2 protein chains.
Amino acid sequence: MPYYIGDVIKDYNKLVIRTPEAFGKTGIKVLTKTRVEEIDAARGEVRLADGSRLPYDSLTIATGARATRLDIPGVDLDGVFVLRDLSDALRIKDYLNGRACRRAVIVGGGFIAMEMSEALRNLGIETTVIVRRHRPVPRWDEEFCAPILEELEKNGVLFQGGTTPLSIERNGEGLVVKTNSGDLGADLVLMAVGVRSNTELAAAAGVEMGESGAIKVDFRQQTSVPGIYAVGDCCEVFHKVARRWVYIPLGDIANKQGRVAGQNIGGRPAEFPGVVGAQSFKVFDLEVAAAGLNENEAVKYGFAPASAFIQGLPVGRPIARGERLLVKLTADKTTGRLIGAQCLGAKGAVQRIFALSAALWNGMTVDEVGYLDLPYAPPFGGAWDAIHVAAQELARSL
Amino acid sequence: MPYYIGDVIKDYNKLVIRTPEAFGKTGIKVLTKTRVEEIDAARGEVRLADGSRLPYDSLTIATGARATRLDIPGVDLDGVFVLRDLSDALRIKDYLNGRACRRAVIVGGGFIAMEMSEALRNLGIETTVIVRRHRPVPRWDEEFCAPILEELEKNGVLFQGGTTPLSIERNGEGLVVKTNSGDLGADLVLMAVGVRSNTELAAAAGVEMGESGAIKVDFRQQTSVPGIYAVGDCCEVFHKVARRWVYIPLGDIANKQGRVAGQNIGGRPAEFPGVVGAQSFKVFDLEVAAAGLNENEAVKYGFAPASAFIQGLPVGRPIARGERLLVKLTADKTTGRLIGAQCLGAKGAVQRIFALSAALWNGMTVDEVGYLDLPYAPPFGGAWDAIHVAAQELARSL
């Protein structure tokens with residue numbers, strides 16, 4: 001009988017009504033409030049906090065990641081949060097319900113920061129996003145910065161670039177975030193500065209780490225230690241476009257890795273083909289999506305990138321009413337292959353990245369993407385879709 | 001200097017303000033109101049209606065298709081229309097503006113019929129769609145019939161299957177459509193029963209036709225006669241999934257073929273890779289989209305089809321509010337490859353077919369589609385997208 005053990009599940013107890021018994025017919029037993037202190041790979045056992053030992057034939061490490069907190073004074077004050085899992089969300093909700101929260105500061109500008117700025121504004125809270133660099137969501141190239149900032153501004157989110165938090169202090173009922181460019185008062189501070197894989201347990205058991213610092217796995221999700229698998233935000237994933245193992249902690253990838261590991265453990269060998277770096281987020285009325293590599297990544301991974309950036313339409317021209325759809329495609333000049341796609345618009349951005357993710361997955365050339373057959377109808381795009389227009393412009397420059 | 005000659009352009013004169021002179025700097029001359037009577041391929045000339053001859057080095061036939069009118073009495077009565085090009089649309093508009101139109105009958109149930117039923121209902125016109133068979137849009141399999149009929153009904157469109165029109169007669173100010181199951185009064189009748197390629201001019205010049213009856217072309221859009229190209233709704237197109245030449249008269253395909261022919265004529269050799277049968281339409285609040293082959297086509301083309309049909313979600317489960325997204329995937333049991341995809345929903349159906357079109361284009365297996373990396377975020381889909389769920393269900397049955 002397989003066992004599942006987890007700290008995370010413990011935190012979910014308030015919500016998850018299923019008891020271990022509920023899993024009876026699946027042959028799965030979940031041990032909640034059970035901490036693993038050590039993996040003894042030589043013996044095929046895990047040692048629990050109460051000193052008892054649990055034997056295994058195969059072990060799957062799914063320890064996830066933890067939200068990073070900046071190493072500055074005051075990060076542990078009441079009112080300073082990270083948002084990583086459901087328990088964090090509940091803590092934030094409890095806090096907001098318990099007082100009149102008027103002002104929030106979000107430290108960091110990734111997609112969690114973007115999504116949370118919308119959530120906080122929707123509660124009527126004055127929200128300021130501060131980032132060290134000068135633009136949000138660096139996974140998207142420079143061209144996408146202005147429309148995102150515009151959307152934030154339109155919705156009353158203050159974005160402050162070039163701002164490094166130095167400390168957080170209590171100030172009466174509230175908090176104050178001290179930065180290199182002045183003080184920011186806040187009732188709530190959200191640290192949204194990324195995550196770090198939880199690898200301590202694995203490392204202590206002699207499991208090898210990859211270059212990214214996360215657990216190294218193969219295409220079957222096996223680690224370097226026989227019988228031990230790893231899945232999710234604690235391990236690396238193969239990037240089909242970059243052709244190397246990278247660290248991209250995202251929920252959809254974790255699900256897929258879990259399925260692959262489960263199949264292999266269950267005796268139905270399976271390989272996880274990898275990812276193309278597809279992701280998206282919504283901020284207010286904007287869809288922002290991407291797949292493949294951005295220009296910096298392309299250079300870093302040894303490609304010779306060339307890009308085309310167009311302002312297209314998400315619908316057919318005759319029925320357009322001022323919509324816009326920004327599309328940036330990046331190719332490798334050496335092979336003519338598409339290696340990156342970024343998209344932004346009030347509608348249709350995710351739709352395009354759905355197609356372009358599949359194009360990247362299959363290593364299509366930009367020439368071919370320029371002729372890709374898509375389900376054309378005016379409510380959903382032009383006879384020449386924005387994808388075609390961008391691909392053909394890019395092809396001309398190769 | 002290339003010449004463009006066309007009856008169609010003549011009809012657009014009210015709208016298209018560009019005169020032949022406007023094309024001066026492109027080196028293109030457009031002869032409007034100029035009818036070609038004959039192509040003299042041996043001499044490399046076209047004979048015009050006024051008896052003059054125009055020499056060519058290369059000739060492109062883009063004669064398009066014409067809407068079919070059923071061969072029944074009364075199809076030429078005032079108030080009976082087809083909808084093929086802009087001039088048809090203008091004629092319908094003029095007709096509607098000139099009188100109080102209360103009732104319309106649409107003969108045929110393809111996507112033009114669906115789109116027009118919406119347009120007419122939006123004008124407050126009682127609209128009945130009659131089809132000989134029992135369901136609309138047969139390009140989509142049976143499973144998609146009920147939700148489309150539901151949407152029509154919800155919006156006050158009467159759908160009448162098993163109904164064959166026998167004649168159309170004048171009845172005072174209005175018309176009456178006599179059918180095998182009774183009479184239908186109407187102020188306007190729209191014949192939406194498909195199109196037929198305009199091939200007479202080409203055939204008379206000795207240009208070979210394909211099995212479909214449309215002009216046979218190669219991947220460079222060349223016909224069987226040297227120096228003569230054909231593009232658009234008058235010619236066939238290569239279907240990458242069916243691996244044969246078929247007739248799919250759609251505007252986006254025509255555009256691509258025109259571009260390929262133009263490149264070849266201009267001395268920059270290009271091939272049109274073909275299509276995967278992607279198409280979509282909107283009817284009221286429904287998106288309906290498909291790519292690849294439906295089950296009938298799959299059998300007809302010699303595949304051994306297996307399908308999975310699921311009711312999924314267009315968004316992440318936690319934020320779903322009763323939406324549904326129907327997905328049907330069809331595979332070839334012999335190869336495990338995806339050969340068809342159909343989708344329907346209030347939102348997200350076209351988005352899925354964007355990805356699945358690219359999957360079909362690249363000959364992906366259903367196994368791989370089950371792990372395809374897509375830009376996941378809850379407003380746009382689940383961590384397991386409906387595509388994955390359907391592909392995995394299908395993979396289990398192969």
# chains A, B, ... in the order shown; residues from 1 in each chain; ligands from 1

$ select_by_dssp --residues "range 56-152 of chain A" --states "alpha helix (DSSP H)" --output "mmCIF file with N, CA and C atoms, in the first residue's frame"
data_model
loop_
_atom_site.group_PDB
_atom_site.id
_atom_site.type_symbol
_atom_site.label_atom_id
_atom_site.label_comp_id
_atom_site.auth_asym_id
_atom_site.auth_seq_id
_atom_site.Cartn_x
_atom_site.Cartn_y
_atom_site.Cartn_z
ATOM 1 N N LEU A 86 -2.348 27.165 -0.048
ATOM 2 C CA LEU A 86 -3.677 27.492 0.410
ATOM 3 C C LEU A 86 -3.672 28.067 1.822
ATOM 4 N N SER A 87 -2.771 27.545 2.669
ATOM 5 C CA SER A 87 -2.742 28.035 4.053
ATOM 6 C C SER A 87 -2.297 29.496 4.095
ATOM 7 N N ASP A 88 -1.379 29.876 3.190
ATOM 8 C CA ASP A 88 -0.992 31.292 3.111
ATOM 9 C C ASP A 88 -2.200 32.136 2.732
ATOM 10 N N ALA A 89 -2.957 31.639 1.753
ATOM 11 C CA ALA A 89 -4.129 32.384 1.295
ATOM 12 C C ALA A 89 -5.126 32.557 2.432
ATOM 13 N N LEU A 90 -5.316 31.485 3.211
ATOM 14 C CA LEU A 90 -6.257 31.570 4.334
ATOM 15 C C LEU A 90 -5.764 32.546 5.392
ATOM 16 N N ARG A 91 -4.452 32.539 5.630
ATOM 17 C CA ARG A 91 -3.890 33.482 6.608
ATOM 18 C C ARG A 91 -4.128 34.926 6.154
ATOM 19 N N ILE A 92 -3.921 35.180 4.877
ATOM 20 C CA ILE A 92 -4.134 36.538 4.362
ATOM 21 C C ILE A 92 -5.608 36.929 4.495
ATOM 22 N N LYS A 93 -6.498 35.987 4.158
ATOM 23 C CA LYS A 93 -7.937 36.260 4.266
ATOM 24 C C LYS A 93 -8.333 36.562 5.708
ATOM 25 N N ASP A 94 -7.834 35.729 6.641
ATOM 26 C CA ASP A 94 -8.116 35.947 8.059
ATOM 27 C C ASP A 94 -7.663 37.340 8.489
ATOM 28 N N TYR A 95 -6.459 37.679 8.068
ATOM 29 C CA TYR A 95 -5.884 38.973 8.454
ATOM 30 C C TYR A 95 -6.742 40.123 7.933
ATOM 31 N N LEU A 96 -7.144 40.008 6.660
ATOM 32 C CA LEU A 96 -7.956 41.067 6.050
ATOM 33 C C LEU A 96 -9.325 41.175 6.705
ATOM 34 N N ASN A 97 -9.876 40.014 7.085
ATOM 35 C CA ASN A 97 -11.183 40.022 7.741
ATOM 36 C C ASN A 97 -11.116 40.602 9.143
ATOM 37 N N GLY A 98 -9.914 40.555 9.754
ATOM 38 C CA GLY A 98 -9.799 40.945 11.158
ATOM 39 C C GLY A 98 -9.586 42.433 11.370
ATOM 40 N N PHE A 111 4.228 37.191 -11.747
ATOM 41 C CA PHE A 111 2.804 37.072 -12.037
ATOM 42 C C PHE A 111 1.959 36.916 -10.778
ATOM 43 N N ILE A 112 2.553 36.399 -9.690
ATOM 44 C CA ILE A 112 1.819 36.352 -8.420
ATOM 45 C C ILE A 112 1.544 37.783 -7.939
ATOM 46 N N ALA A 113 2.543 38.640 -8.071
ATOM 47 C CA ALA A 113 2.363 40.047 -7.683
ATOM 48 C C ALA A 113 1.267 40.689 -8.528
ATOM 49 N N MET A 114 1.277 40.390 -9.832
ATOM 50 C CA MET A 114 0.266 40.980 -10.721
ATOM 51 C C MET A 114 -1.134 40.508 -10.318
ATOM 52 N N GLU A 115 -1.276 39.189 -10.130
ATOM 53 C CA GLU A 115 -2.585 38.637 -9.780
ATOM 54 C C GLU A 115 -3.068 39.175 -8.434
ATOM 55 N N MET A 116 -2.123 39.284 -7.476
ATOM 56 C CA MET A 116 -2.525 39.757 -6.149
ATOM 57 C C MET A 116 -2.841 41.245 -6.146
ATOM 58 N N SER A 117 -2.191 42.000 -7.020
ATOM 59 C CA SER A 117 -2.519 43.430 -7.079
ATOM 60 C C SER A 117 -3.979 43.596 -7.513
ATOM 61 N N GLU A 118 -4.414 42.743 -8.437
ATOM 62 C CA GLU A 118 -5.816 42.789 -8.865
ATOM 63 C C GLU A 118 -6.746 42.385 -7.720
ATOM 64 N N ALA A 119 -6.382 41.303 -7.034
ATOM 65 C CA ALA A 119 -7.233 40.813 -5.933
ATOM 66 C C ALA A 119 -7.368 41.871 -4.838
ATOM 67 N N LEU A 120 -6.268 42.534 -4.505
ATOM 68 C CA LEU A 120 -6.303 43.534 -3.428
ATOM 69 C C LEU A 120 -7.076 44.776 -3.871
ATOM 70 N N ARG A 121 -6.867 45.204 -5.108
ATOM 71 C CA ARG A 121 -7.625 46.353 -5.627
ATOM 72 C C ARG A 121 -9.123 46.049 -5.622
ATOM 73 N N ASN A 122 -9.463 44.809 -5.952
ATOM 74 C CA ASN A 122 -10.878 44.434 -5.968
ATOM 75 C C ASN A 122 -11.497 44.517 -4.577
ATOM 76 N N CYS A 145 6.116 45.734 -21.371
ATOM 77 C CA CYS A 145 6.120 46.472 -20.111
ATOM 78 C C CYS A 145 5.077 47.584 -20.114
ATOM 79 N N ALA A 146 5.105 48.429 -21.132
ATOM 80 C CA ALA A 146 4.216 49.607 -21.148
ATOM 81 C C ALA A 146 2.735 49.235 -21.021
ATOM 82 N N PRO A 147 2.223 48.290 -21.824
ATOM 83 C CA PRO A 147 0.784 47.980 -21.685
ATOM 84 C C PRO A 147 0.419 47.382 -20.326
ATOM 85 N N ILE A 148 1.348 46.669 -19.707
ATOM 86 C CA ILE A 148 1.050 46.121 -18.374
ATOM 87 C C ILE A 148 1.014 47.261 -17.353
ATOM 88 N N LEU A 149 1.985 48.142 -17.424
ATOM 89 C CA LEU A 149 2.002 49.286 -16.503
ATOM 90 C C LEU A 149 0.752 50.144 -16.698
ATOM 91 N N GLU A 150 0.357 50.308 -17.941
ATOM 92 C CA GLU A 150 -0.855 51.059 -18.272
ATOM 93 C C GLU A 150 -2.085 50.414 -17.610
ATOM 94 N N GLU A 151 -2.163 49.092 -17.683
ATOM 95 C CA GLU A 151 -3.294 48.377 -17.101
ATOM 96 C C GLU A 151 -3.295 48.532 -15.582
ATOM 97 N N LEU A 152 -2.113 48.457 -14.975
ATOM 98 C CA LEU A 152 -2.016 48.642 -13.523
ATOM 99 C C LEU A 152 -2.481 50.050 -13.156
#

$ residues_around --residues "Val237 in chain B" --least-positions-apart "2" --cutoff "7 Å" --atoms "only C-alpha atoms" --output "list in words"
Cys235, His239, Trp245, Val246, Tyr247, Ile248 and Gly274 of chain B

$ interface_residues --of "chain A" --to "chain B" --cutoff "6 Å" --atoms "only C-alpha atoms" --output "PyMOL selection string"
chain A and resi 252+275+278-281+351+354-355+358+373-377+383

$ write_last_selection --atoms "N, CA and C atoms" --output "CSV table (one decimal), in the first residue's frame"
chain,number,residue,atom,x,y,z
A,252,ASP,N,0.9,23.1,-13.3
A,252,ASP,CA,0.5,22.1,-14.4
A,252,ASP,C,1.6,21.1,-14.6
A,275,VAL,N,8.7,20.4,-21.2
A,275,VAL,CA,7.9,21.6,-21.4
A,275,VAL,C,8.5,22.5,-22.4
A,278,ALA,N,5.6,27.3,-21.3
A,278,ALA,CA,4.3,28.0,-21.5
A,278,ALA,C,3.8,28.5,-20.2
A,279,GLN,N,3.4,29.7,-20.2
A,279,GLN,CA,2.7,30.2,-19.0
A,279,GLN,C,1.8,31.5,-19.4
A,280,SER,N,1.0,31.8,-18.4
A,280,SER,CA,0.1,32.9,-18.7
A,280,SER,C,-0.4,33.5,-17.4
A,281,PHE,N,-0.9,34.7,-17.4
A,281,PHE,CA,-1.6,35.2,-16.2
A,281,PHE,C,-2.6,36.3,-16.7
A,351,GLN,N,-5.2,32.3,-26.4
A,351,GLN,CA,-5.5,31.5,-27.6
A,351,GLN,C,-4.3,31.3,-28.5
A,354,PHE,N,-1.7,29.1,-27.1
A,354,PHE,CA,-2.0,27.7,-27.2
A,354,PHE,C,-1.5,27.1,-28.5
A,355,ALA,N,-1.7,27.8,-29.6
A,355,ALA,CA,-1.2,27.3,-30.8
A,355,ALA,C,0.4,27.3,-30.9
A,358,ALA,N,2.2,24.6,-29.0
A,358,ALA,CA,2.3,23.4,-29.8
A,358,ALA,C,3.3,23.5,-30.9
A,373,ASP,N,-2.4,26.2,-40.3
A,373,ASP,CA,-3.9,26.2,-40.5
A,373,ASP,C,-4.5,26.4,-39.2
A,374,LEU,N,-5.3,27.5,-39.0
A,374,LEU,CA,-6.0,27.8,-37.8
A,374,LEU,C,-7.5,27.9,-38.0
A,375,PRO,N,-8.3,27.7,-37.0
A,375,PRO,CA,-9.7,27.8,-37.2
A,375,PRO,C,-10.3,29.2,-37.4
A,376,TYR,N,-10.1,29.7,-38.6
A,376,TYR,CA,-10.5,31.1,-38.8
A,376,TYR,C,-12.0,31.4,-38.9
A,377,ALA,N,-12.4,32.4,-38.1
A,377,ALA,CA,-13.7,33.0,-38.3
A,377,ALA,C,-13.5,34.4,-37.7
A,383,ALA,N,-8.3,36.4,-41.4
A,383,ALA,CA,-8.0,35.4,-42.3
A,383,ALA,C,-6.5,35.2,-42.3

$ select_by_dssp --residues "range 133-251 of chain B" --states "strand (DSSP E)" --output "VMD selection string"
chain B and resid 157 to 160 165 to 171 174 to 179 182 to 186 188 to 191 195 to 197 228 to 230 237 to 239 244 to 246

$ residues_around --residues "Arg102 in chain A" --least-positions-apart "2" --cutoff "12 Å" --atoms "only C-alpha atoms" --output "ChimeraX atom specification"
/A:96,99-100,104-105,120-121,123-128,173-175,185-189

$ atom_distance --atom1 "CA of Asp40 in chain A" --atom2 "CA of Tyr56 in chain A"
10.0 Å

$ residues_around --residues "Gly182 in chain B" --least-positions-apart "3" --cutoff "10 Å" --atoms "only C-alpha atoms" --output "count of residues only"
7

$ atom_distance --atom1 "CA of Asp367 in chain A" --atom2 "CA of Pro269 in chain B"
12.7 Å

$ residues_around --residues "Leu190 in chain B" --least-positions-apart "2" --cutoff "8 Å" --atoms "only C-alpha atoms" --output "PyMOL selection string"
chain B and resi 80-83+104-107+188+192

$ write_last_selection --atoms "N, CA and C atoms" --output "compact mmCIF listing (two decimals), in the first residue's frame"
# COMPACT_ATOMS: atom_id res chain seq x y z
N VAL B 80 -35.42 35.86 -52.60
CA VAL B 80 -34.64 34.63 -52.37
C VAL B 80 -33.17 34.97 -52.63
N PHE B 81 -32.34 34.71 -51.65
CA PHE B 81 -30.94 35.13 -51.73
C PHE B 81 -29.98 33.97 -51.49
N VAL B 82 -28.76 34.18 -51.96
CA VAL B 82 -27.64 33.38 -51.48
C VAL B 82 -26.69 34.37 -50.80
N LEU B 83 -25.76 33.85 -50.01
CA LEU B 83 -24.77 34.73 -49.40
C LEU B 83 -23.39 34.19 -49.72
N ALA B 104 -38.06 34.95 -41.83
CA ALA B 104 -37.04 34.47 -42.78
C ALA B 104 -36.95 32.96 -42.69
N VAL B 105 -36.69 32.32 -43.83
CA VAL B 105 -36.40 30.89 -43.86
C VAL B 105 -35.00 30.71 -44.42
N ILE B 106 -34.18 29.97 -43.69
CA ILE B 106 -32.84 29.65 -44.17
C ILE B 106 -32.85 28.19 -44.60
N VAL B 107 -32.48 27.95 -45.86
CA VAL B 107 -32.42 26.59 -46.37
C VAL B 107 -30.97 26.12 -46.25
N LEU B 188 -38.25 36.62 -46.52
CA LEU B 188 -36.91 36.46 -47.09
C LEU B 188 -36.53 34.99 -47.00
N ALA B 192 -28.58 28.53 -48.25
CA ALA B 192 -27.23 28.36 -47.72
C ALA B 192 -26.89 26.88 -47.80

$ residues_around --residues "range 396-398 of chain A" --least-positions-apart "3" --cutoff "10 Å" --atoms "only C-alpha atoms" --output "PyMOL selection string"
chain A and resi 305-308+331-336+366-367+391-393

$ atom_distance --atom1 "CA of Ile39 in chain B" --atom2 "CA of Ile215 in chain B"
14.6 Å

$ closest_residue --among "B:Gly172, B:Pro318, B:Gly109, B:Gly64" --to "Val283 in chain B" --atoms "only C-alpha atoms"
B:Gly109
